[in-house]
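Asker: Supplied in structure tokens, the structure appears directly below.
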Amino acid sequence: MTARERIAGNVANYVDERTGAAAWMKKNLNKVFPDHWSFLLGEIALYSFIILLLSGTFLTFWFDPSQREVVYEGAYQPLSGLKMSAAYASTLHISFEVRGGLLMRQIHHWAALFFMVAIVVHLLRVYFTGAFRKPREFNWIIGVGLLTLGIVEGFLGYSLPDDLLSGTGIRIAEAIIQAVPVVGTYIAFFAFGGAFPGEAFIPRIFTVHVLLLPGIFLALITVHLMLVWYQKHTQYPGPGRTEKNVVGYPLFPVYMAKAGGFFFIVFGVTTFIAAVASINPIWLYGPYTPGQISAGSQPDWYMGWLDGLVRMAPPLETHAFGHTISWNILIPGLIVPGIMFTGLALYPFIESWITGDKREHHLLDRPRNVPNRTATGAMALTFTLVALINGGNDIIAQQFHLSINQIMWFSRIGIIVLPPIAFVITKRICISLQRADRELVLHGKETGRLVRLAHGEFIEVHEEISPEKKWLLTSHEQSGPLELPEIDKAGVRRTDAIRNKIRSRMSVANAEVAPKVSAQDLKEIEHH
Amino acid sequence: MKRLSKYRRHRAAAPMLLVLALLAIGTTFSVASATPNKSALALARSASIEEGKQIFLKGCSSCHGLNAEGGAIAPSLIGVGAASVDFQVATGRMPMADMSTQAMRKKPVYTPEQVAALAVYVASLAPGPAIPGDELLNYERDGSVADGGELFRNNCAMCHNFAGQGGALTQGKYAPTVMGVEPRHIYEAMITGPQSMPVFSDKIITPEEKLSIIKWIKFAESEPALGGASLGRVGPVTEGLLVWTLGIGILIGVAVWLAMKAR
């Protein structure tokens, strides 16, 4: 034993005698994780969150969350002598006078955009592969919670500098709050501590932005990861992979190195983009005053779909009993997003209700093998995308010389017509892909080699696919529709007949697939 | 004389003479052929109404009428003033390329002299805003960038965007970018209110404030992109586009690479 080994051993022993960590470490460092690029998407979100914590802490050293009016006398001459809030002036100070301040601001903002993009991409991966199924429904709900809070947190950050754009955003948020029937005006009054803009709102959202929400984030992310740890990671189907094992590499050293390295890459890419591309140039927007507005005022992308929904709403209002109900804001601003997020959160339960599947699943689905789910996802994506496009309708109109009115009408009609079309097309594509898989298993892949047989017939030679590939294409389950009786044994119509009817209808639609290759099929093909 | 003749056979003498001769000829030629670089106002002063009328009859009357009285498809030009003509014709907006949504800026059809003649002719029909002279456009001296920025955000940004990049209006109309527009034309646009733009009379925005706005626009034009690539200065839409394409593209690429290496 060399001196160095003895010292290392002594240190390890010293720690172990006091913490008892060795057994725990040995068990957990050997924990196996499956390897696939799509399992790293959530990590991007996690790393962006760490970047946000670090850069955000830096920004708080100089940011003054106050709407107190000051006269600007800082380095940026074009705003010299203007009256503005201390929040805006201190953001200018960070941008132009604090060393590295502008870079930090840009890192913080780009990291926020990355955070939300990564959450959405991760959510899409989890959705389309069916990773949310039992036992992971709670983790799905936590994820939806993180998405929702991320939108709120991002919006608050966008609102803090009190520039012209953020003030415009707060004004719209106030309008949405006011659109809540009966109590809306009161809630807005309490939130702003009086009339808009007041002096209370920015200090309040600052506390929420830097204390409350990051705390909730930390707690939820911890639970999110602990559940992944406890429930073990899902894996893609393949030879040797079952519902009872995890095929992959141990945490130490493989994933320690990979995840650690990936953190620095995410940090590096974020910093690189922050160094070369401007984001939220608040000095160009100018300080907020309620009398001003800029053409093309937009929220950050993760709120863009909400803005797009509000922009496409027809002007509907009713006046009753001394109250105004602004349907044009209430529906797109609160009701539709409410339905969207509730539906998203409840999706795992809805799906298991339709399929009647209450078993645990650790093997992921290939999206084509679950046509209804994939098509539903495509439908929801199309809906959101149309809304998002309409959120940028003025920029699109300007850049592509189009009419803003035509884009709005396209969106109004498209948001109703396009999602069902997307559903049908996606479902058909999925079933066609299943048929292609079936073809591949039964007849092998086309080689493009034409052979003339002795009696003159031309055939194309098909090459049989590997057993591993065959396994992949045939290992998935295909369970038929639920059979739910409407009439009980005594011949009487059941009380839950209507519910059962709806459920079995959906179940039939859900079970629509191209039948996978069975042993029977293979036997038949051998006879040919 | 003796000193000069001493250098006569110097080997640099011939090239030197050639350079001197070229300079002399060039200078003489440029002095002889120079036309003074007149401002639009000076041109307008020397242009003739009759010449302008001839140009008008050929190029404009088919829409605006033989006496500039207007018609079904074009407004009357009586009383619009020389400033309006200078803005519309010298920026190439008139004559229109097509009759769709609105006249766009393009290469001018007429020379500055022809524009001046047209302006004089239209101004002779009835009084209207005149072309601002250079002495009135001394924005470098008379304007303030900070005031101009505030005035711009108060009066202009709702259509032309916070950084003067332009924006969309209804039915395919648009507020054009104000970047790269000559100070004279910015001033004329404010006093004449072309197309969808309102008139900002001297009571609403004083001439001095107009110069501040011009000074701010010129400043914004030359301001370096302080935070890196400006992404068009149109707000968060292009930022979102970047993060959804290049940004997440790079990271997913890295993720694929990381997952590949373990095999």
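In the structure tokens, chains take the letters A, B, ... in the order shown, each chain's residues start at 1, and ligands count up from 1 in the order shown.
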May I have the residues of chain A within 8 Å of chain B, counting only C-alpha atoms, written as an NGL selection string?
Answerer: :A and (35-38 or 40-41 or 44 or 77-82 or 102-103 or 106 or 110 or 113-114 or 117-118 or 258 or 262 or 266 or 269-270 or 273-281 or 284-286 or 291-301 or 392 or 394-395 or 397-398 or 401-406)
Asker: Pick the closest to A:Ile465 from A:Gly444, A:Gly154, A:Gly169, A:Pro203: which is it, counting only C-alpha atoms?
Answerer: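 Looking at the shortest contact to A:Ile465, the residue is A:Gly444.
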Asker: Record the distance separating atom CA of A:Asp437 and atom CA of A:Ser518, expressed in Å with one decimal.
Answerer: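 Rounded to one decimal, the two atoms are 12.5 Å apart.
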Asker: What's the 9 Å shell around stretch 345-347 of chain A, counting only C-alpha atoms, without same-chain residues fewer than 2 positions away, as a short mmCIF file (atom, residue, chain, number, x, y, z; two decimals) with N, CA, C and O atoms, in the first residue's frame?
Answerer:
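Below you can see selection-v5.cif, which holds the result:
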```
data_model
loop_
_atom_site.label_atom_id
_atom_site.label_comp_id
_atom_site.auth_asym_id
_atom_site.auth_seq_id
_atom_site.Cartn_x
_atom_site.Cartn_y
_atom_site.Cartn_z
N PHE A 132 -45.44 8.27 -18.75
CA PHE A 132 -46.27 8.79 -17.65
C PHE A 132 -47.18 7.72 -17.05
O PHE A 132 -47.89 7.97 -16.09
N GLU A 137 -47.59 8.42 -12.63
CA GLU A 137 -48.58 9.48 -12.82
C GLU A 137 -48.30 10.70 -11.96
O GLU A 137 -48.47 11.84 -12.40
N TRP A 140 -45.64 12.80 -13.39
CA TRP A 140 -46.19 13.55 -14.52
C TRP A 140 -46.86 14.83 -14.02
O TRP A 140 -46.65 15.91 -14.56
N ILE A 141 -47.64 14.69 -12.96
CA ILE A 141 -48.35 15.87 -12.44
C ILE A 141 -47.35 16.88 -11.90
O ILE A 141 -47.50 18.09 -12.12
N ILE A 142 -46.31 16.40 -11.23
CA ILE A 142 -45.27 17.32 -10.75
C ILE A 142 -44.64 18.05 -11.93
O ILE A 142 -44.40 19.25 -11.90
N GLY A 143 -44.40 17.29 -13.00
CA GLY A 143 -43.82 17.89 -14.20
C GLY A 143 -44.72 18.97 -14.77
O GLY A 143 -44.25 20.06 -15.15
N VAL A 144 -46.02 18.69 -14.86
CA VAL A 144 -46.96 19.70 -15.36
C VAL A 144 -46.95 20.92 -14.43
O VAL A 144 -47.00 22.07 -14.90
N GLY A 145 -46.83 20.67 -13.12
CA GLY A 145 -46.73 21.77 -12.16
C GLY A 145 -45.49 22.61 -12.42
O GLY A 145 -45.54 23.84 -12.40
N MET A 340 -56.62 23.43 -20.99
CA MET A 340 -55.40 22.83 -21.55
C MET A 340 -54.56 22.19 -20.44
O MET A 340 -54.12 21.04 -20.57
N PHE A 341 -54.33 22.94 -19.36
CA PHE A 341 -53.43 22.42 -18.33
C PHE A 341 -54.09 21.33 -17.48
O PHE A 341 -53.42 20.40 -17.05
N THR A 342 -55.40 21.45 -17.26
CA THR A 342 -56.08 20.39 -16.53
C THR A 342 -56.05 19.10 -17.34
O THR A 342 -55.74 18.02 -16.81
N GLY A 343 -56.34 19.23 -18.63
CA GLY A 343 -56.30 18.05 -19.51
C GLY A 343 -54.93 17.41 -19.52
O GLY A 343 -54.79 16.18 -19.45
N PHE A 349 -54.53 9.58 -16.33
CA PHE A 349 -55.72 8.94 -15.76
C PHE A 349 -56.77 8.73 -16.83
O PHE A 349 -57.46 7.71 -16.86
N ILE A 350 -56.89 9.71 -17.73
CA ILE A 350 -57.86 9.58 -18.82
C ILE A 350 -57.49 8.38 -19.68
O ILE A 350 -58.33 7.55 -20.01
N GLU A 351 -56.19 8.28 -20.01
CA GLU A 351 -55.78 7.18 -20.88
C GLU A 351 -56.01 5.82 -20.23
O GLU A 351 -56.51 4.89 -20.85
N SER A 352 -55.67 5.73 -18.93
CA SER A 352 -55.84 4.42 -18.30
C SER A 352 -57.32 4.09 -18.12
O SER A 352 -57.70 2.91 -18.11
#
```
Asker: One number please: atom CA of B:Lys210 to atom CA of B:Thr111, in Å, one decimal.
Answerer: 27.0 Å
Asker: So that I can see what lies close to A:Ile151, please list as a list in words the residues with an atom at most 9 Å from it, counting only C-alpha atoms and leaving out residues fewer than 4 positions away in the same chain.
Answerer: Met116, Leu146, Leu147, Phe155, Leu156, Tyr302 and Met303 of chain A
Asker: Let me see the file: selected residues, C-alpha atoms, as a PDB file, in the first residue's frame.
Answerer:
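Printed below is selection.pdb as written:
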```pdb
ATOM      1  CA  MET A 116     -38.782  26.326 -20.719  1.00  0.00           C
ATOM      2  CA  LEU A 146     -43.121  22.670 -12.969  1.00  0.00           C
ATOM      3  CA  LEU A 147     -44.143  23.690 -16.493  1.00  0.00           C
ATOM      4  CA  PHE A 155     -43.218  36.015 -16.812  1.00  0.00           C
ATOM      5  CA  LEU A 156     -42.382  37.584 -13.437  1.00  0.00           C
ATOM      6  CA  TYR A 302     -43.606  30.336 -23.528  1.00  0.00           C
ATOM      7  CA  MET A 303     -46.382  32.914 -23.079  1.00  0.00           C
TER       8      MET A 303
END
```
Asker: Can you list every residue in stretch 152-199 of chain B that DSSP puts in alpha helix (DSSP H), as a ChimeraX atom specification?
Answerer: /B:152-155,157-160,183-192
Asker: Residues as selected, N, CA and C atoms, written as a CSV table (one decimal), in the first residue's frame, can you do that?
Answerer:
```csv
chain,number,residue,atom,x,y,z
B,152,PHE,N,-40.2,59.9,-29.3
B,152,PHE,CA,-40.4,58.8,-30.2
B,152,PHE,C,-41.3,57.7,-29.6
B,153,ARG,N,-40.9,57.4,-28.3
B,153,ARG,CA,-41.7,56.3,-27.6
B,153,ARG,C,-43.2,56.8,-27.4
B,154,ASN,N,-43.3,58.1,-27.2
B,154,ASN,CA,-44.7,58.6,-26.9
B,154,ASN,C,-45.5,58.7,-28.2
B,155,ASN,N,-44.9,59.1,-29.3
B,155,ASN,CA,-45.7,59.4,-30.5
B,155,ASN,C,-45.5,58.4,-31.6
B,157,ALA,N,-43.5,55.1,-31.5
B,157,ALA,CA,-43.2,53.7,-31.3
B,157,ALA,C,-44.4,52.7,-31.4
B,158,MET,N,-45.6,53.2,-31.2
B,158,MET,CA,-46.8,52.3,-31.3
B,158,MET,C,-46.9,51.8,-32.7
B,159,CYS,N,-46.4,52.5,-33.7
B,159,CYS,CA,-46.5,51.9,-35.0
B,159,CYS,C,-45.1,51.5,-35.5
B,160,HIS,N,-44.1,52.4,-35.3
B,160,HIS,CA,-42.8,52.1,-35.9
B,160,HIS,C,-41.9,51.3,-35.0
B,183,PRO,N,-33.0,62.8,-43.0
B,183,PRO,CA,-33.6,63.7,-42.0
B,183,PRO,C,-34.8,64.5,-42.6
B,184,ARG,N,-34.5,65.0,-43.9
B,184,ARG,CA,-35.5,65.8,-44.5
B,184,ARG,C,-36.8,65.0,-44.7
B,185,HIS,N,-36.7,63.8,-45.1
B,185,HIS,CA,-37.9,63.0,-45.3
B,185,HIS,C,-38.6,62.7,-44.0
B,186,ILE,N,-37.9,62.4,-42.9
B,186,ILE,CA,-38.5,62.2,-41.6
B,186,ILE,C,-39.3,63.4,-41.2
B,187,TYR,N,-38.7,64.6,-41.4
B,187,TYR,CA,-39.3,65.8,-41.1
B,187,TYR,C,-40.6,66.0,-41.9
B,188,GLU,N,-40.5,65.8,-43.2
B,188,GLU,CA,-41.7,65.9,-44.1
B,188,GLU,C,-42.8,65.0,-43.7
B,189,ALA,N,-42.4,63.7,-43.4
B,189,ALA,CA,-43.4,62.8,-43.0
B,189,ALA,C,-44.2,63.3,-41.8
B,190,MET,N,-43.5,63.9,-40.8
B,190,MET,CA,-44.2,64.4,-39.6
B,190,MET,C,-45.1,65.5,-39.9
B,191,ILE,N,-44.7,66.4,-40.8
B,191,ILE,CA,-45.6,67.6,-41.1
B,191,ILE,C,-46.7,67.3,-42.1
B,192,THR,N,-46.5,66.2,-42.9
B,192,THR,CA,-47.5,66.0,-43.9
B,192,THR,C,-48.4,64.7,-43.6
```
Asker: Rounded to one decimal place, report the atom CA of B:Arg105-atom CA of B:Thr177 distance in Å.
Answerer: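 Taking atom CA of B:Arg105 and atom CA of B:Thr177, their separation equals 10.0 Å.
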Asker: Given the choices A:Thr376, A:Trp62, A:Gly338, A:Pro181, which gets closest to A:Ala320 if the distance is worked out from only C-alpha atoms?
Answerer: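 With only C-alpha atoms as the atom set, the closest residue is A:Pro181.
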Asker: Give me, as an MDAnalysis selection string, all polymer residues having an atom no more than 8 Å from B:Glu221, counting only C-alpha atoms and skipping those fewer than 4 positions away in the same chain.
Answerer: chainID B and resid 179:180 217
Asker: Could you write those residues out with all heavy atoms, as an mmCIF file, in the first residue's frame?
Answerer:
```cif
data_model
loop_
_atom_site.group_PDB
_atom_site.id
_atom_site.type_symbol
_atom_site.label_atom_id
_atom_site.label_comp_id
_atom_site.auth_asym_id
_atom_site.auth_seq_id
_atom_site.Cartn_x
_atom_site.Cartn_y
_atom_site.Cartn_z
ATOM 1 N N MET B 179 -35.236 53.533 -40.119
ATOM 2 C CA MET B 179 -33.781 53.450 -40.214
ATOM 3 C C MET B 179 -33.359 53.783 -41.644
ATOM 4 O O MET B 179 -33.945 53.295 -42.607
ATOM 5 C CB MET B 179 -33.308 52.040 -39.853
ATOM 6 C CG MET B 179 -33.613 51.582 -38.430
ATOM 7 S SD MET B 179 -32.655 52.442 -37.178
ATOM 8 C CE MET B 179 -33.900 53.506 -36.458
ATOM 9 N N GLY B 180 -32.341 54.598 -41.769
ATOM 10 C CA GLY B 180 -31.797 54.921 -43.091
ATOM 11 C C GLY B 180 -32.622 55.925 -43.886
ATOM 12 O O GLY B 180 -32.442 56.048 -45.092
ATOM 13 N N ILE B 217 -33.328 59.111 -33.894
ATOM 14 C CA ILE B 217 -33.372 58.088 -34.948
ATOM 15 C C ILE B 217 -31.980 57.867 -35.525
ATOM 16 O O ILE B 217 -31.535 56.735 -35.720
ATOM 17 C CB ILE B 217 -34.373 58.486 -36.059
ATOM 18 C CG1 ILE B 217 -35.803 58.434 -35.532
ATOM 19 C CG2 ILE B 217 -34.218 57.584 -37.279
ATOM 20 C CD1 ILE B 217 -36.844 58.967 -36.493
#
```
Asker: Name the closest residue to B:Pro132 among the candidates B:Asn67, B:Ser84, B:Ser30, B:Ser61; distances are taken between atoms, counting only C-alpha atoms.
Answerer: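 Once distances to B:Pro132 are computed over only C-alpha atoms, the minimum belongs to B:Ser84.
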Asker: Extract, using only C-alpha atoms, all DNA, RNA and protein residues at most 12 Å from A:Gln67, discarding same-chain residues fewer than 5 positions from it, and format them as a PyMOL selection string.
Answerer: chain A and resi 83-90+160-163+167+192+196-206+287-289
Asker: Could you please take those selected residues and save C-alpha atoms as a PDB file, in the first residue's frame?
Answerer:
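Final output, saved to part21.pdb:
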```
ATOM      1  CA  LYS A  83     -37.527  59.866 -14.962  1.00  0.00           C
ATOM      2  CA  MET A  84     -37.797  56.139 -14.371  1.00  0.00           C
ATOM      3  CA  SER A  85     -38.278  53.563 -11.639  1.00  0.00           C
ATOM      4  CA  ALA A  86     -35.358  52.475  -9.486  1.00  0.00           C
ATOM      5  CA  ALA A  87     -35.926  48.949 -10.827  1.00  0.00           C
ATOM      6  CA  TYR A  88     -35.302  50.095 -14.391  1.00  0.00           C
ATOM      7  CA  ALA A  89     -32.386  52.344 -13.442  1.00  0.00           C
ATOM      8  CA  SER A  90     -30.699  49.531 -11.524  1.00  0.00           C
ATOM      9  CA  LEU A 160     -39.157  42.917 -13.127  1.00  0.00           C
ATOM     10  CA  PRO A 161     -36.913  45.375 -15.037  1.00  0.00           C
ATOM     11  CA  ASP A 162     -39.903  47.728 -15.484  1.00  0.00           C
ATOM     12  CA  ASP A 163     -38.993  48.586 -19.064  1.00  0.00           C
ATOM     13  CA  GLY A 167     -44.797  47.151 -18.155  1.00  0.00           C
ATOM     14  CA  PHE A 192     -51.297  46.071  -7.294  1.00  0.00           C
ATOM     15  CA  PHE A 196     -52.247  50.220 -11.974  1.00  0.00           C
ATOM     16  CA  PRO A 197     -49.265  50.519 -11.977  1.00  0.00           C
ATOM     17  CA  GLY A 198     -48.870  51.690  -8.383  1.00  0.00           C
ATOM     18  CA  GLU A 199     -45.664  51.238  -6.456  1.00  0.00           C
ATOM     19  CA  ALA A 200     -46.290  47.846  -4.842  1.00  0.00           C
ATOM     20  CA  PHE A 201     -46.321  45.356  -7.675  1.00  0.00           C
ATOM     21  CA  ILE A 202     -42.651  45.070  -8.606  1.00  0.00           C
ATOM     22  CA  PRO A 203     -41.419  44.681  -5.000  1.00  0.00           C
ATOM     23  CA  ARG A 204     -44.049  41.980  -4.511  1.00  0.00           C
ATOM     24  CA  ILE A 205     -43.310  39.992  -7.638  1.00  0.00           C
ATOM     25  CA  PHE A 206     -39.596  40.302  -6.846  1.00  0.00           C
ATOM     26  CA  PRO A 287     -38.621  53.074 -19.065  1.00  0.00           C
ATOM     27  CA  TYR A 288     -42.246  52.075 -18.608  1.00  0.00           C
ATOM     28  CA  THR A 289     -44.921  54.711 -18.568  1.00  0.00           C
TER      29      THR A 289
END
```
Asker: Calculated over only C-alpha atoms, which of the candidates B:Ala82, B:Val109, B:Val120, B:Leu17 has the smallest distance to B:Lys53?
Answerer: B:Val120
Asker: Which residues are close to A:Val451, i.e. within 7 Å by only C-alpha atoms, leaving aside same-chain residues fewer than 4 positions away? Reply as a list of chain:residue names.
Answerer: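 Answer for this query is A:Phe458, A:Ile459, A:Glu460, A:Val461.
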